[in-house]
Amino acid sequence: MTSFFVGFCSFVIMVSITSLLAQKAGSSYTTSPLIALASIATSVVTNKVGPTFYNRNPRNLERLRIAWRPTGYHLEVPGREFWHKLLLEQSPHHVTAKIVHYSGLEVVTASTKEWAVKKFLYSTKDTSAFMNLARVFAQRCLESGISEVCCDLKPYPGGKVESFLFCMEEGGMTLAEPPRFKPHRPWHVDRPEKPWEVTE
């Protein structure tokens, strides 16, 4: 008896809500209350959608290749022309990988000092440590929305750094940033394709 009473009360409430929405929407329903409620709710939602959209992604302009980035001096080594740069710091016992913004802030870090990484390694400074750190670091970068970084590391052929960079590329990272899009002048011959108008 109690379950019947609760079901009846919920049905009455649903019918009253449906009729109220129908009155506010200026329409009457002749079908079942559930269908009318769904159609009215859909019409109300579609009418309330805002015409403007604000992209709050802080890396939106960098992804569009139109964000400002420093150029530095032409003979400066290493250069400063990057949005995000890959740094690899080696100590006698550990390895730390970082993604640094041109403003100096560290965006993503990973190190063999972390217990979550260290407990799976036999050694924290051998080639296997470099390769596994690269896999973890690449996953963190992709989860942070960074897939392209500037890399000016000069690895020794067959060395640990080369294995690190190879695993980074296998993990989905691109070790070079695309050139910054600059608006063309009317008198220029070259008309570069706009990054946000890809015709593929």
# chains A, B, ... in the order shown; residues from 1 in each chain; ligands from 1
>>> residues_around(residues="Phe130 of chain A", least_positions_apart="4", cutoff="8 Å", atoms="only C-alpha atoms", output="ChimeraX atom specification")
/A:95,125-126,134,160-161,163-164
>>> write_last_selection(atoms="N, CA, C and O atoms", output="mmCIF file, in the first residue's frame")
data_model
loop_
_atom_site.group_PDB
_atom_site.id
_atom_site.type_symbol
_atom_site.label_atom_id
_atom_site.label_comp_id
_atom_site.auth_asym_id
_atom_site.auth_seq_id
_atom_site.Cartn_x
_atom_site.Cartn_y
_atom_site.Cartn_z
ATOM 1 N N VAL A 95 67.207 11.352 -12.222
ATOM 2 C CA VAL A 95 66.938 12.067 -13.475
ATOM 3 C C VAL A 95 65.609 12.795 -13.318
ATOM 4 O O VAL A 95 64.649 12.226 -12.784
ATOM 5 N N LYS A 125 69.242 5.539 -12.549
ATOM 6 C CA LYS A 125 70.096 6.320 -13.453
ATOM 7 C C LYS A 125 70.555 5.531 -14.677
ATOM 8 O O LYS A 125 71.374 6.033 -15.447
ATOM 9 N N ASP A 126 70.032 4.308 -14.889
ATOM 10 C CA ASP A 126 70.448 3.539 -16.053
ATOM 11 C C ASP A 126 69.535 3.845 -17.241
ATOM 12 O O ASP A 126 68.626 4.677 -17.164
ATOM 13 N N ALA A 134 60.613 8.537 -19.514
ATOM 14 C CA ALA A 134 60.091 9.184 -20.718
ATOM 15 C C ALA A 134 58.656 8.773 -20.984
ATOM 16 O O ALA A 134 57.824 9.601 -21.379
ATOM 17 N N LYS A 160 71.838 7.395 -23.272
ATOM 18 C CA LYS A 160 70.609 7.385 -22.479
ATOM 19 C C LYS A 160 69.637 8.481 -22.922
ATOM 20 O O LYS A 160 68.426 8.268 -22.974
ATOM 21 N N VAL A 161 70.189 9.639 -23.254
ATOM 22 C CA VAL A 161 69.323 10.754 -23.656
ATOM 23 C C VAL A 161 68.622 10.435 -24.975
ATOM 24 O O VAL A 161 67.450 10.771 -25.173
ATOM 25 N N SER A 163 67.746 7.463 -25.974
ATOM 26 C CA SER A 163 66.668 6.532 -25.628
ATOM 27 C C SER A 163 65.489 7.277 -25.005
ATOM 28 O O SER A 163 64.322 6.956 -25.272
ATOM 29 N N PHE A 164 65.787 8.281 -24.189
ATOM 30 C CA PHE A 164 64.737 9.087 -23.578
ATOM 31 C C PHE A 164 63.906 9.797 -24.641
ATOM 32 O O PHE A 164 62.668 9.755 -24.629
#
>>> select_by_dssp(residues="segment 122-181 of chain A", states="alpha helix (DSSP H)", output="list in words")
Thr127, Ser128, Ala129, Phe130, Met131, Asn132, Leu133, Ala134, Arg135, Val136, Phe137, Ala138, Gln139, Arg140, Cys141, Leu142, Glu143, Lys160, Val161, Glu162, Ser163, Phe164, Leu165, Phe166, Cys167, Met168, Glu169 and Glu170 of chain A
>>> atom_distance(atom1="atom CA of Leu64 of chain A", atom2="atom CA of Phe181 of chain A")
8.3 Å
>>> residues_around(residues="Ser147 of chain A", least_positions_apart="3", cutoff="12 Å", atoms="only C-alpha atoms", output="list of chain:residue names")
A:Arg59, A:Glu62, A:Arg63, A:Trp83, A:His84, A:Lys85, A:Leu86, A:Ile99, A:Val108, A:Phe137, A:Ala138, A:Gln139, A:Arg140, A:Cys141, A:Leu142, A:Glu143, A:Ser144, A:Cys150, A:Met168, A:Glu169, A:Glu170, A:Gly171, A:Gly172, A:Met173, A:Thr174, A:Leu175, A:Ala176, A:Glu177, A:Pro178
